[in-house]
$ cat data_23.cif   # mmCIF, C-alpha atoms
data_data
loop_
_atom_site.label_atom_id
_atom_site.label_comp_id
_atom_site.auth_asym_id
_atom_site.auth_seq_id
_atom_site.Cartn_x
_atom_site.Cartn_y
_atom_site.Cartn_z
CA MET A 541 115.70 143.92 68.67
CA MET A 542 112.09 144.87 68.50
CA SER A 543 111.55 148.43 67.47
CA PRO A 544 110.45 150.69 70.33
CA THR A 545 109.06 153.12 67.82
CA LYS A 546 106.48 150.83 66.32
CA GLY A 547 103.08 149.83 67.61
CA LYS A 548 102.49 146.25 68.51
CA SER A 549 100.21 145.64 65.61
CA ALA A 550 102.90 146.85 63.21
CA VAL A 551 105.68 144.67 64.53
CA PRO A 552 105.99 141.33 62.76
CA ASN A 553 106.35 138.26 64.92
CA PRO A 554 109.99 137.18 64.53
CA LEU A 555 109.05 133.57 65.20
CA PRO A 556 107.31 131.07 62.95
CA ARG A 557 103.84 130.29 64.21
CA GLY A 558 102.68 126.71 64.13
CA GLU A 559 99.34 125.24 64.97
CA GLU A 560 100.80 124.12 68.28
CA GLU A 561 101.78 127.65 69.26
CA MET A 562 99.19 129.34 71.45
CA ASP A 563 99.34 133.12 71.23
CA THR A 564 97.08 135.75 72.73
CA ILE A 565 94.77 135.93 69.74
CA GLU A 566 94.18 132.16 69.87
CA ILE A 567 93.38 132.43 73.57
CA LEU A 568 90.74 135.04 72.89
CA ASP A 569 89.25 133.13 69.98
CA SER A 570 88.96 129.90 71.97
CA GLY A 571 85.91 129.14 74.07
CA SER A 572 87.97 128.57 77.19
CA PRO A 573 91.41 130.09 77.75
CA LYS A 574 94.37 127.75 77.50
CA SER A 575 97.53 127.66 79.52
CA CYS A 576 100.97 127.05 78.06
CA GLY A 577 101.20 123.54 76.77
CA ASP A 578 97.47 122.96 76.23
CA VAL A 579 98.00 122.46 72.54
CA ALA A 580 96.93 120.02 69.88
CA PRO A 581 99.31 118.20 67.55
CA LEU A 582 99.54 119.34 63.94
CA SER A 583 97.65 117.52 61.27
CA VAL A 584 99.59 116.73 58.11
CA GLU A 585 97.35 118.98 56.00
CA LYS A 586 97.71 121.94 58.34
CA ALA A 587 101.43 121.39 58.59
CA ALA A 588 101.71 121.60 54.81
CA GLU A 589 99.61 124.78 54.80
CA LYS A 590 101.82 126.24 57.52
CA ALA A 591 104.98 125.44 55.54
CA ALA A 592 103.56 127.16 52.46
CA ASP A 593 102.51 130.23 54.45
CA LYS A 594 105.93 130.37 56.05
CA ASP A 595 107.65 130.37 52.64
CA GLU A 596 105.44 133.22 51.46
CA GLU A 597 106.17 135.24 54.62
CA GLU A 598 109.92 134.73 54.19
CA LYS A 599 109.76 135.85 50.55
CA SER A 600 107.78 138.96 51.38
CA SER A 601 110.03 139.89 54.31
CA SER A 602 113.18 139.38 52.24
CA SER A 603 111.84 141.56 49.44
CA GLY A 604 112.11 144.71 51.37
CA GLY A 605 109.65 145.48 54.13
CA GLY A 606 110.02 146.52 57.65
CA GLY A 607 113.47 146.49 59.01
CA LEU A 608 114.47 148.41 62.09
CA SER A 609 115.18 152.09 61.70
CA TRP A 610 118.75 153.26 62.19
CA VAL A 611 117.68 154.83 65.51
CA ASP A 612 116.50 151.47 66.85
CA LYS A 613 119.55 149.60 65.55
CA LEU A 614 121.79 151.94 67.54
CA LEU A 615 119.81 151.66 70.79
CA THR A 616 122.80 150.22 72.68
CA LEU A 617 124.93 153.15 71.60
CA TRP A 618 122.28 155.69 72.69
CA ILE A 619 122.06 154.13 76.14
CA LEU A 620 125.85 154.04 76.58
CA MET A 621 126.01 157.69 75.53
CA ALA A 622 123.26 158.55 78.04
CA VAL A 623 125.19 156.79 80.82
CA GLY A 624 128.38 158.64 79.87
CA LEU A 625 126.57 161.99 79.73
CA GLY A 626 124.99 161.39 83.12
CA ILE A 627 128.29 160.50 84.78
CA GLY A 628 129.90 163.55 83.17
CA LEU A 629 127.17 165.83 84.49
CA SER A 630 127.48 164.30 87.97
CA GLN A 631 131.02 165.64 88.27
CA SER A 632 129.58 169.16 88.54
CA GLU A 633 128.49 170.05 92.07
CA ASP A 634 126.03 172.62 90.72
CA VAL A 635 124.28 169.91 88.68
CA ARG A 636 124.05 167.58 91.67
CA LEU A 637 122.66 170.33 93.91
CA GLY A 638 120.17 171.36 91.23
CA LEU A 639 118.90 167.80 90.86
CA GLN A 640 118.64 167.40 94.64
CA LYS A 641 116.39 170.47 94.74
CA CYS A 642 113.96 168.55 92.53
CA GLN A 643 113.50 166.06 95.35
CA VAL A 644 110.14 165.87 97.13
CA GLY A 645 110.49 163.51 100.06
CA SER A 646 112.19 160.43 98.63
CA THR A 647 110.88 161.08 95.07
CA ASN A 648 112.93 162.92 92.47
CA ILE A 649 110.46 164.78 90.25
CA LEU A 650 112.59 164.62 87.08
CA ILE A 651 113.19 160.87 87.39
CA ALA A 652 109.51 160.27 88.20
CA VAL A 653 108.41 162.25 85.12
CA GLY A 654 110.87 160.34 82.96
CA LEU A 655 109.63 156.97 84.20
CA ILE A 656 105.97 157.92 83.80
CA LEU A 657 106.49 159.12 80.22
CA MET A 658 108.59 156.04 79.46
CA MET A 659 105.84 153.68 80.59
CA TYR A 660 102.87 155.52 79.06
CA PRO A 661 103.16 154.31 75.41
CA PRO A 662 103.44 150.58 76.22
CA LEU A 663 100.54 150.83 78.69
CA ALA A 664 98.42 152.84 76.24
CA LYS A 665 98.90 150.11 73.60
CA VAL A 666 97.69 147.27 75.85
CA HIS A 667 94.46 145.49 74.88
CA TYR A 668 92.82 145.81 78.29
CA ASP A 669 89.82 143.79 77.19
CA TRP A 670 92.09 140.77 76.77
CA ILE A 671 93.37 140.77 80.36
CA PRO A 672 90.47 138.86 82.05
CA LYS A 673 91.11 135.79 79.87
CA LEU A 674 94.87 136.05 80.37
CA LEU A 675 94.34 135.81 84.13
CA LEU A 676 92.94 132.32 83.60
CA GLN A 677 96.17 131.00 82.09
CA VAL A 678 97.35 128.86 84.95
CA ARG A 679 100.95 128.06 84.04
CA PRO A 680 102.27 131.56 83.20
CA MET A 681 100.55 133.11 86.21
CA ALA A 682 101.65 130.41 88.65
CA LEU A 683 105.22 130.41 87.35
CA SER A 684 105.44 134.18 87.63
CA LEU A 685 104.15 134.11 91.20
CA VAL A 686 106.72 131.51 92.24
CA GLN A 687 109.59 133.30 90.51
CA ASN A 688 108.68 136.76 91.80
CA TRP A 689 107.60 136.07 95.35
CA ILE A 690 109.46 132.92 96.44
CA ILE A 691 112.61 132.36 94.39
CA GLY A 692 113.50 136.00 93.62
CA PRO A 693 113.67 137.52 97.13
CA LEU A 694 115.39 134.46 98.59
CA LEU A 695 117.95 134.23 95.77
CA MET A 696 118.90 137.90 96.18
CA PHE A 697 119.09 137.46 99.96
CA PHE A 698 121.54 134.57 99.84
CA LEU A 699 123.65 136.11 97.07
CA ALA A 700 123.85 139.36 99.07
CA TYR A 701 124.75 137.42 102.20
CA ALA A 702 127.53 135.59 100.36
CA PHE A 703 129.14 138.84 99.16
CA LEU A 704 128.24 141.35 101.88
CA LYS A 705 127.94 139.53 105.20
CA ASP A 706 130.87 141.58 106.52
CA HIS A 707 129.18 144.81 105.33
CA PRO A 708 125.72 144.70 106.96
CA GLU A 709 124.77 148.27 105.98
CA TYR A 710 125.17 147.52 102.26
CA LEU A 711 123.67 144.06 102.77
CA GLN A 712 120.41 145.57 104.01
CA GLY A 713 120.13 147.80 100.95
CA VAL A 714 120.63 144.94 98.49
CA ILE A 715 118.01 142.87 100.32
CA LEU A 716 115.53 145.74 99.98
CA VAL A 717 116.15 145.68 96.21
CA GLY A 718 115.55 141.92 96.06
CA CYS A 719 112.21 142.21 97.85
CA ALA A 720 110.91 144.87 95.44
CA ARG A 721 109.41 143.26 92.35
CA CYS A 722 109.50 145.40 89.23
CA ILE A 723 106.41 147.40 88.27
CA ALA A 724 107.95 150.00 85.95
CA MET A 725 110.89 149.56 83.57
CA VAL A 726 110.09 145.90 82.93
CA ILE A 727 107.30 147.12 80.64
CA VAL A 728 109.91 148.79 78.43
CA TRP A 729 112.32 145.83 78.34
CA ASN A 730 109.39 143.54 77.55
CA GLU A 731 108.39 145.71 74.60
CA PHE A 732 111.94 145.88 73.25
CA ALA A 733 112.20 142.07 73.42
CA GLY A 734 108.85 141.44 71.71
CA GLY A 735 107.15 140.06 74.82
CA ASP A 736 103.40 139.86 75.33
CA SER A 737 102.22 143.37 76.31
CA GLU A 738 98.90 142.19 77.73
CA LEU A 739 100.50 139.47 79.86
CA CYS A 740 103.15 141.93 81.04
CA ALA A 741 100.51 144.47 82.10
CA THR A 742 98.64 141.72 83.93
CA LEU A 743 101.74 140.51 85.79
CA VAL A 744 102.77 144.07 86.66
CA ALA A 745 99.32 144.81 88.09
CA MET A 746 99.41 141.56 90.08
CA ASN A 747 102.90 142.35 91.41
CA SER A 748 101.75 145.83 92.42
CA ILE A 749 98.93 144.42 94.54
CA LEU A 750 101.19 141.78 96.09
CA THR A 751 103.85 144.44 96.76
CA LEU A 752 101.40 146.26 99.02
CA VAL A 753 100.75 143.04 100.92
CA LEU A 754 104.15 141.32 100.96
CA TYR A 755 106.98 143.86 100.61
CA ALA A 756 107.06 145.08 104.21
CA PHE A 757 106.64 141.50 105.47
CA TYR A 758 109.52 140.17 103.35
CA ALA A 759 111.88 143.01 104.25
CA TYR A 760 111.08 142.70 107.94
CA ALA A 761 111.44 138.90 107.99
CA LEU A 762 114.69 138.79 106.00
CA ILE A 763 116.46 141.71 107.71
CA ASN A 764 115.11 141.54 111.26
CA LYS A 765 114.84 137.77 111.61
CA LEU A 766 116.89 135.80 109.09
CA LEU A 767 120.04 137.96 109.12
CA PRO A 768 120.44 137.75 112.94
CA ALA A 769 119.79 134.00 112.72
CA LEU A 770 122.77 133.78 110.35
CA GLY A 771 124.96 135.76 112.73
CA VAL A 772 124.78 139.19 111.07
CA ASP A 773 124.37 142.03 113.56
CA VAL A 774 121.95 144.63 112.11
CA ALA A 775 119.75 147.35 113.55
CA GLU A 776 116.06 146.43 113.46
CA ILE A 777 114.01 148.19 110.79
CA SER A 778 110.36 149.19 110.50
CA ILE A 779 108.96 149.77 107.01
CA SER A 780 106.04 152.17 106.54
CA LEU A 781 103.20 151.03 104.31
CA VAL A 782 102.89 154.66 103.19
CA SER A 783 106.28 154.47 101.42
CA VAL A 784 105.18 151.35 99.55
CA LEU A 785 101.82 152.89 98.59
CA GLU A 786 103.50 156.09 97.41
CA SER A 787 105.90 154.25 95.13
CA VAL A 788 103.17 152.09 93.58
CA ALA A 789 100.88 155.08 93.08
CA ILE A 790 103.54 157.24 91.39
CA TYR A 791 105.42 154.75 89.26
CA LEU A 792 102.53 152.48 88.28
CA GLY A 793 99.25 154.18 89.15
CA ILE A 794 99.82 157.36 87.12
CA PRO A 795 101.02 155.77 83.84
CA PHE A 796 98.41 153.00 84.16
CA ALA A 797 95.65 155.59 84.60
CA LEU A 798 96.91 157.64 81.63
CA GLY A 799 97.23 154.57 79.41
CA PHE A 800 93.83 153.16 80.37
CA LEU A 801 92.06 156.51 79.92
CA SER A 802 93.67 156.93 76.49
CA TRP A 803 92.52 153.44 75.57
CA ILE A 804 88.95 154.09 76.70
CA VAL A 805 88.43 157.63 75.41
CA LEU A 806 90.37 157.70 72.14
CA ARG A 807 89.10 154.32 70.93
CA LYS A 808 85.54 155.48 71.58
CA ILE A 809 86.10 158.70 69.63
CA LYS A 810 88.30 157.49 66.74
CA GLY A 811 87.90 153.70 66.69
CA ASP A 812 90.28 150.75 67.08
CA GLU A 813 91.83 151.01 63.63
CA TRP A 814 92.97 154.61 64.17
CA TYR A 815 94.01 153.99 67.77
CA TYR A 816 96.27 150.98 67.14
CA GLY A 817 97.20 151.84 63.56
CA LYS A 818 98.12 155.53 63.99
CA PHE A 819 98.02 156.79 67.58
CA ALA A 820 100.07 153.87 68.93
CA LYS A 821 102.78 154.63 66.36
CA TRP A 822 102.76 158.35 67.14
CA ILE A 823 103.40 157.87 70.86
CA SER A 824 105.92 155.00 70.57
CA PRO A 825 109.03 157.24 70.23
CA ILE A 826 108.24 158.75 73.65
CA THR A 827 109.41 155.51 75.28
CA LEU A 828 112.95 155.70 73.93
CA ILE A 829 113.30 159.44 74.51
CA ALA A 830 112.04 159.16 78.11
CA LEU A 831 114.25 156.12 78.76
CA LEU A 832 117.38 158.02 77.70
CA PHE A 833 116.31 161.08 79.73
CA THR A 834 115.76 158.93 82.84
CA ILE A 835 119.16 157.26 82.46
CA VAL A 836 120.89 160.64 82.17
CA MET A 837 119.09 161.92 85.30
CA LEU A 838 119.85 158.79 87.33
CA PHE A 839 123.55 158.83 86.54
CA ALA A 840 123.78 162.62 86.91
CA LEU A 841 122.28 162.35 90.38
CA GLU A 842 124.35 159.44 91.67
CA GLY A 843 127.28 159.02 89.29
CA TYR A 844 129.68 161.09 91.40
CA ALA A 845 129.11 159.02 94.55
CA ILE A 846 129.58 155.81 92.59
CA VAL A 847 132.85 156.95 91.04
CA GLN A 848 134.15 157.80 94.53
CA LYS A 849 133.42 154.31 95.89
CA PRO A 850 134.56 151.78 93.29
CA MET A 851 135.08 148.87 95.72
CA GLU A 852 131.69 149.36 97.35
CA LEU A 853 130.19 149.55 93.87
CA LEU A 854 131.70 146.19 92.90
CA LEU A 855 130.63 144.55 96.17
CA CYS A 856 127.02 145.64 95.78
CA ALA A 857 126.92 145.02 92.03
CA ALA A 858 128.26 141.44 92.16
CA PRO A 859 125.20 139.75 93.76
CA MET A 860 122.83 141.82 91.61
CA LEU A 861 124.67 140.91 88.41
CA ILE A 862 124.47 137.19 89.19
CA TYR A 863 120.85 137.59 90.27
CA PHE A 864 119.69 139.23 87.04
CA PHE A 865 121.23 136.57 84.80
CA VAL A 866 120.16 133.59 86.94
CA MET A 867 116.58 134.83 87.30
CA PHE A 868 116.24 135.64 83.61
CA LEU A 869 117.72 132.41 82.28
CA GLY A 870 115.96 130.25 84.88
CA SER A 871 112.57 131.87 84.31
CA PHE A 872 112.86 131.85 80.51
CA PHE A 873 113.68 128.16 80.28
CA MET A 874 111.21 127.12 82.97
CA ALA A 875 108.50 128.78 80.86
CA TYR A 876 110.02 127.27 77.70
CA PHE A 877 109.92 123.72 79.04
CA LEU A 878 106.34 124.28 80.21
CA GLY A 879 105.47 124.76 76.54
CA CYS A 880 104.97 128.54 76.57
CA GLU A 881 105.29 130.55 73.36
CA TYR A 882 108.21 132.96 72.94
CA SER A 883 106.33 136.14 73.89
CA HIS A 884 105.22 134.57 77.18
CA CYS A 885 108.70 133.21 77.96
CA ALA A 886 110.20 136.66 77.43
CA THR A 887 107.56 138.39 79.55
CA ILE A 888 107.85 135.93 82.43
CA ALA A 889 111.65 136.16 82.36
CA PHE A 890 111.81 139.96 82.37
CA THR A 891 109.19 140.35 85.12
CA ALA A 892 111.09 137.85 87.28
CA ALA A 893 114.55 139.32 86.68
CA SER A 894 113.68 143.01 87.10
CA ASN A 895 113.34 144.88 90.39
CA ASN A 896 111.55 148.00 91.59
CA PHE A 897 114.55 150.18 92.42
CA GLU A 898 112.30 153.22 92.92
CA LEU A 899 110.55 151.55 95.86
CA ALA A 900 113.79 150.12 97.30
CA LEU A 901 115.45 153.54 97.16
CA ALA A 902 112.46 155.28 98.74
CA VAL A 903 112.35 152.77 101.59
CA ALA A 904 116.13 152.87 102.12
CA VAL A 905 116.12 156.68 102.29
CA SER A 906 113.26 156.66 104.80
CA LEU A 907 115.04 154.03 106.92
CA PHE A 908 118.71 155.01 106.66
CA GLY A 909 118.73 158.53 105.18
CA PHE A 910 120.33 160.06 102.06
CA GLY A 911 124.00 159.22 101.63
CA SER A 912 123.78 156.14 103.85
CA PRO A 913 125.35 152.82 102.80
CA GLY A 914 121.89 151.27 102.60
CA ALA A 915 120.66 153.96 100.22
CA PHE A 916 123.88 153.70 98.20
CA ALA A 917 123.32 149.96 97.72
CA THR A 918 119.81 150.52 96.35
CA ILE A 919 121.14 153.15 93.93
CA ILE A 920 123.48 150.52 92.47
CA GLY A 921 120.37 148.56 91.46
CA PRO A 922 119.32 150.56 88.37
CA LEU A 923 122.92 151.28 87.42
CA VAL A 924 123.52 147.53 87.10
CA GLU A 925 120.03 146.61 85.91
CA ILE A 926 119.78 148.99 82.94
CA PRO A 927 122.84 147.74 80.99
CA VAL A 928 122.18 144.12 82.01
CA MET A 929 118.56 144.26 80.87
CA LEU A 930 119.68 145.74 77.57
CA ILE A 931 122.02 142.76 77.11
CA LEU A 932 119.20 140.39 78.07
CA VAL A 933 116.94 141.95 75.42
CA HIS A 934 119.49 140.79 72.82
CA VAL A 935 119.78 137.40 74.56
CA SER A 936 116.00 137.01 74.56
CA ASN A 937 115.76 137.77 70.85
CA LEU A 938 118.53 135.25 70.19
CA PHE A 939 116.66 132.59 72.18
CA GLY A 940 113.55 133.42 70.16
CA ARG A 941 115.35 132.72 66.89
CA VAL A 942 117.19 129.61 68.09
CA CYS A 943 114.74 127.88 70.42
CA PHE A 944 111.45 128.55 68.64
CA LYS A 945 112.25 127.62 65.05
CA ASN A 946 109.59 124.91 65.25
CA GLY A 947 107.29 126.55 67.78
CA PRO A 948 107.12 126.00 71.56
CA TRP A 949 108.72 123.03 73.27
CA ARG A 950 106.67 119.82 73.36
CA TRP A 951 107.33 116.85 75.63
CA SER A 952 107.23 113.83 73.23
CA ARG A 953 103.63 114.36 72.21
CA GLY A 954 103.55 112.94 68.70
CA ALA A 955 105.99 114.06 66.05
CA ALA A 956 107.92 117.28 66.45
CA PRO A 957 106.71 120.13 64.23
CA ALA A 958 109.73 119.84 61.92
CA GLU A 959 109.11 116.11 61.48
CA VAL A 960 105.45 116.70 60.65
CA GLU A 961 106.37 119.32 58.07
CA THR A 962 108.90 116.93 56.49
CA LYS A 963 106.28 114.19 56.27
CA ALA A 964 103.78 116.62 54.81
CA ALA A 965 106.23 117.81 52.17
CA SER A 966 107.29 114.27 51.22
CA GLY A 967 103.65 113.22 51.03
CA ALA A 968 102.87 116.09 48.68
CA THR A 969 105.72 115.13 46.33
CA GLY A 970 105.08 111.40 46.50
CA GLU A 971 108.44 110.68 48.09
CA PRO A 972 108.65 107.97 50.79
#
$ encode --input "data_23.cif" --output "structure tokens"
Amino acid sequence: MMSPTKGKSAVPNPLPRGEEEMDTIEILDSGSPKSCGDVAPLSVEKAAEKAADKDEEEKSSSSGGGGLSWVDKLLTLWILMAVGLGIGLSQSEDVRLGLQKCQVGSTNILIAVGLILMMYPPLAKVHYDWIPKLLLQVRPMALSLVQNWIIGPLLMFFLAYAFLKDHPEYLQGVILVGCARCIAMVIVWNEFAGGDSELCATLVAMNSILTLVLYAFYAYALINKLLPALGVDVAEISISLVSVLESVAIYLGIPFALGFLSWIVLRKIKGDEWYYGKFAKWISPITLIALLFTIVMLFALEGYAIVQKPMELLLCAAPMLIYFFVMFLGSFFMAYFLGCEYSHCATIAFTAASNNFELALAVAVSLFGFGSPGAFATIIGPLVEIPVMLILVHVSNLFGRVCFKNGPWRWSRGAAPAEVETKAASGATGEP
């Protein structure tokens, strides 16, 4: 797993880079930005050079260098311990009441602070000057739009309908989760998986803008129109744009502003080398610490209610569990077969599979009230998503090692990279 305590510039790319692989640096160096798949075949000479460089890299990495720290290697254990601690704390009524007193409207201050701190380091390390060119990459942007705003909400709707059509109150809550595209924790999962930070920031910003425009429309259409058309009797809802704006402002606006201001001010004072070489490393541990704190607070706040309703938990968790895996695998391999590099595949997959549970919970509380079945269903979202996304980080890294040995996928355009390297090597030795 990629180390959450290292800056992007310090993290080695786990995948071999061929001439055909288009990464962010190549996009910026080119006169016109490329989309996934706009690549040129390898020449024999360059293939031979690449093979030699690859051998040198493997020798240097095997001779000692940067492995993960023991803290990063045990990330799964830390998260499981945080979940257990949170559930243990939730059994105390005094703890639950104390956490409820930290609530302002539908926003829990402790959870909001944890999420903001968790997102600040990845957003501070983004190369914001790269984003304009990334916006011109047609395939990643178009694929992300389709996955996030067409396939995602509809997939969650029909999965929720299949499992919860006899429980309309819970069904409404799960639909609200499916309509809310992730603008927060996806940044952390993307960093852990070695995704493209600049592309992730771009997609998150785009999803935030589209959330303001489309969230209320989707929720209204799916709950007020489509559910009755399928024979489910539900009370009509009305979603306030203020709730949507509040969620976007708190969970994205604040960390984005902090990260962007750090990027502008500190680079101007100290320079790029200090900023990315030292400052980015100093702030990186904040992400893991804040993530564990947020998990403890979430489970401490809602763990007791979940333990008391195991059947309802399973009913609400089932469609979400299927959703996360289907969206991740589908998005990853759609990007892969479009010729995207690993970092783009990972970013597209995580942005498509993740959901904005903060917004869904805020809207559910405003519509149905605290303690309602609809609010309970939205709470299940992060409790399922956090362990599943952690698993998918490992899955993503595995796909990176297995599927990208010879660079991105290419549809029968000349020889495959491995074949070119073989020809180059045989040519150099005089073998046929």
$ resolve_selection --input "data_23.cif" --expression "the PyMOL selection byres ((chain A and resi 703) around 8)" --output "VMD selection string"
chain A and resid 699 to 702 704 to 705 855 to 856 858 to 859
$ residues_around --input "data_23.cif" --residues "range 660-663 of chain A" --least-positions-apart "2" --cutoff "7 Å" --atoms "all atoms listed in the file" --output "PyMOL selection string"
chain A and resi 656-658+665-666+727+795-796+798-799+823-824+826-827
$ residues_near_point --input "data_23.cif" --point "(122.8, 161.4, 83.7)" --cutoff "6 Å" --atoms "all atoms listed in the file" --output "PDB file with C-alpha atoms, in the frame of the given file"
ATOM      1  CA  VAL A 623     125.190 156.790  80.820  1.00  0.00           C
ATOM      2  CA  LEU A 625     126.570 161.990  79.730  1.00  0.00           C
ATOM      3  CA  GLY A 626     124.990 161.390  83.120  1.00  0.00           C
ATOM      4  CA  ILE A 627     128.290 160.500  84.780  1.00  0.00           C
ATOM      5  CA  ILE A 835     119.160 157.260  82.460  1.00  0.00           C
ATOM      6  CA  VAL A 836     120.890 160.640  82.170  1.00  0.00           C
ATOM      7  CA  MET A 837     119.090 161.920  85.300  1.00  0.00           C
ATOM      8  CA  LEU A 838     119.850 158.790  87.330  1.00  0.00           C
ATOM      9  CA  PHE A 839     123.550 158.830  86.540  1.00  0.00           C
ATOM     10  CA  ALA A 840     123.780 162.620  86.910  1.00  0.00           C
TER      11      ALA A 840
END
$ closest_residue --input "data_23.cif" --among "A:Leu743, A:Ala830, A:Leu878, A:Leu754" --to "Leu655 in chain A" --atoms "only C-alpha atoms"
A:Ala830
$ axis_aligned_box --input "data_23.cif" --around "range 634-638 of chain A" --padding-each-side "4 Å" --output "JSON"
{"center_x": 123.1, "center_y": 170.1, "center_z": 91.3, "size_x": 13.9, "size_y": 13.0, "size_z": 13.2}
$ atom_distance --input "data_23.cif" --atom1 "CA of Pro693 in chain A" --atom2 "CA of Met860 in chain A"
11.5 Å
$ resolve_selection --input "data_23.cif" --expression "the PyMOL selection byres ((chain A and resi 937-941) around 7)" --output "JSON, numbers by chain"
{"A": [541, 555, 733, 882, 933, 934, 935, 936, 942, 943, 944, 945]}
$ write_last_selection --input "data_23.cif" --atoms "C-alpha atoms" --output "mmCIF file, in the coordinates of the input"
data_model
loop_
_atom_site.group_PDB
_atom_site.id
_atom_site.type_symbol
_atom_site.label_atom_id
_atom_site.label_comp_id
_atom_site.auth_asym_id
_atom_site.auth_seq_id
_atom_site.Cartn_x
_atom_site.Cartn_y
_atom_site.Cartn_z
ATOM 1 C CA MET A 541 115.700 143.920 68.670
ATOM 2 C CA LEU A 555 109.050 133.570 65.200
ATOM 3 C CA ALA A 733 112.200 142.070 73.420
ATOM 4 C CA TYR A 882 108.210 132.960 72.940
ATOM 5 C CA VAL A 933 116.940 141.950 75.420
ATOM 6 C CA HIS A 934 119.490 140.790 72.820
ATOM 7 C CA VAL A 935 119.780 137.400 74.560
ATOM 8 C CA SER A 936 116.000 137.010 74.560
ATOM 9 C CA VAL A 942 117.190 129.610 68.090
ATOM 10 C CA CYS A 943 114.740 127.880 70.420
ATOM 11 C CA PHE A 944 111.450 128.550 68.640
ATOM 12 C CA LYS A 945 112.250 127.620 65.050
#
$ atom_distance --input "data_23.cif" --atom1 "CA of Leu832 in chain A" --atom2 "CA of Cys722 in chain A"
18.8 Å
$ resolve_selection --input "data_23.cif" --expression "the PyMOL selection byres ((chain A and resi 742) around 12)" --output "PyMOL selection string"
chain A and resi 663+666-677+680-681+684-685+723+727+736-741+743-749+796+884+887-888+891
$ write_last_selection --input "data_23.cif" --atoms "C-alpha atoms" --output "PDB file, in the coordinates of the input"
ATOM      1  CA  LEU A 663     100.540 150.830  78.690  1.00  0.00           C
ATOM      2  CA  VAL A 666      97.690 147.270  75.850  1.00  0.00           C
ATOM      3  CA  HIS A 667      94.460 145.490  74.880  1.00  0.00           C
ATOM      4  CA  TYR A 668      92.820 145.810  78.290  1.00  0.00           C
ATOM      5  CA  ASP A 669      89.820 143.790  77.190  1.00  0.00           C
ATOM      6  CA  TRP A 670      92.090 140.770  76.770  1.00  0.00           C
ATOM      7  CA  ILE A 671      93.370 140.770  80.360  1.00  0.00           C
ATOM      8  CA  PRO A 672      90.470 138.860  82.050  1.00  0.00           C
ATOM      9  CA  LYS A 673      91.110 135.790  79.870  1.00  0.00           C
ATOM     10  CA  LEU A 674      94.870 136.050  80.370  1.00  0.00           C
ATOM     11  CA  LEU A 675      94.340 135.810  84.130  1.00  0.00           C
ATOM     12  CA  LEU A 676      92.940 132.320  83.600  1.00  0.00           C
ATOM     13  CA  GLN A 677      96.170 131.000  82.090  1.00  0.00           C
ATOM     14  CA  PRO A 680     102.270 131.560  83.200  1.00  0.00           C
ATOM     15  CA  MET A 681     100.550 133.110  86.210  1.00  0.00           C
ATOM     16  CA  SER A 684     105.440 134.180  87.630  1.00  0.00           C
ATOM     17  CA  LEU A 685     104.150 134.110  91.200  1.00  0.00           C
ATOM     18  CA  ILE A 723     106.410 147.400  88.270  1.00  0.00           C
ATOM     19  CA  ILE A 727     107.300 147.120  80.640  1.00  0.00           C
ATOM     20  CA  ASP A 736     103.400 139.860  75.330  1.00  0.00           C
ATOM     21  CA  SER A 737     102.220 143.370  76.310  1.00  0.00           C
ATOM     22  CA  GLU A 738      98.900 142.190  77.730  1.00  0.00           C
ATOM     23  CA  LEU A 739     100.500 139.470  79.860  1.00  0.00           C
ATOM     24  CA  CYS A 740     103.150 141.930  81.040  1.00  0.00           C
ATOM     25  CA  ALA A 741     100.510 144.470  82.100  1.00  0.00           C
ATOM     26  CA  LEU A 743     101.740 140.510  85.790  1.00  0.00           C
ATOM     27  CA  VAL A 744     102.770 144.070  86.660  1.00  0.00           C
ATOM     28  CA  ALA A 745      99.320 144.810  88.090  1.00  0.00           C
ATOM     29  CA  MET A 746      99.410 141.560  90.080  1.00  0.00           C
ATOM     30  CA  ASN A 747     102.900 142.350  91.410  1.00  0.00           C
ATOM     31  CA  SER A 748     101.750 145.830  92.420  1.00  0.00           C
ATOM     32  CA  ILE A 749      98.930 144.420  94.540  1.00  0.00           C
ATOM     33  CA  PHE A 796      98.410 153.000  84.160  1.00  0.00           C
ATOM     34  CA  HIS A 884     105.220 134.570  77.180  1.00  0.00           C
ATOM     35  CA  THR A 887     107.560 138.390  79.550  1.00  0.00           C
ATOM     36  CA  ILE A 888     107.850 135.930  82.430  1.00  0.00           C
ATOM     37  CA  THR A 891     109.190 140.350  85.120  1.00  0.00           C
TER      38      THR A 891
END
$ atom_distance --input "data_23.cif" --atom1 "CA of Gln687 in chain A" --atom2 "CA of Leu861 in chain A"
17.0 Å
$ closest_residue --input "data_23.cif" --among "A:Gly914, A:Pro850, A:Gly624, A:Gly811" --to "Ala900 in chain A" --atoms "only C-alpha atoms"
A:Gly914
$ closest_residue --input "data_23.cif" --among "A:Leu711, A:Leu629, A:Ile790, A:Leu639" --to "Val653 in chain A" --atoms "all atoms listed in the file"
A:Ile790
$ closest_residue --input "data_23.cif" --among "A:Val903, A:Val714, A:Val686, A:Leu617" --to "Phe698 in chain A" --atoms "all atoms listed in the file"
A:Val714
$ residues_around --input "data_23.cif" --residues "Gly735 in chain A" --least-positions-apart "3" --cutoff "6 Å" --atoms "all atoms listed in the file" --output "PyMOL selection string"
chain A and resi 730-731+883+886-887
$ closest_residue --input "data_23.cif" --among "A:Gly909, A:Gly921, A:Gly947, A:Gly843" --to "Arg636 in chain A" --atoms "only C-alpha atoms"
A:Gly843
$ closest_residue --input "data_23.cif" --among "A:Gly654, A:Gly879, A:Gly645, A:Pro948" --to "Ser787 in chain A" --atoms "all atoms listed in the file"
A:Gly645
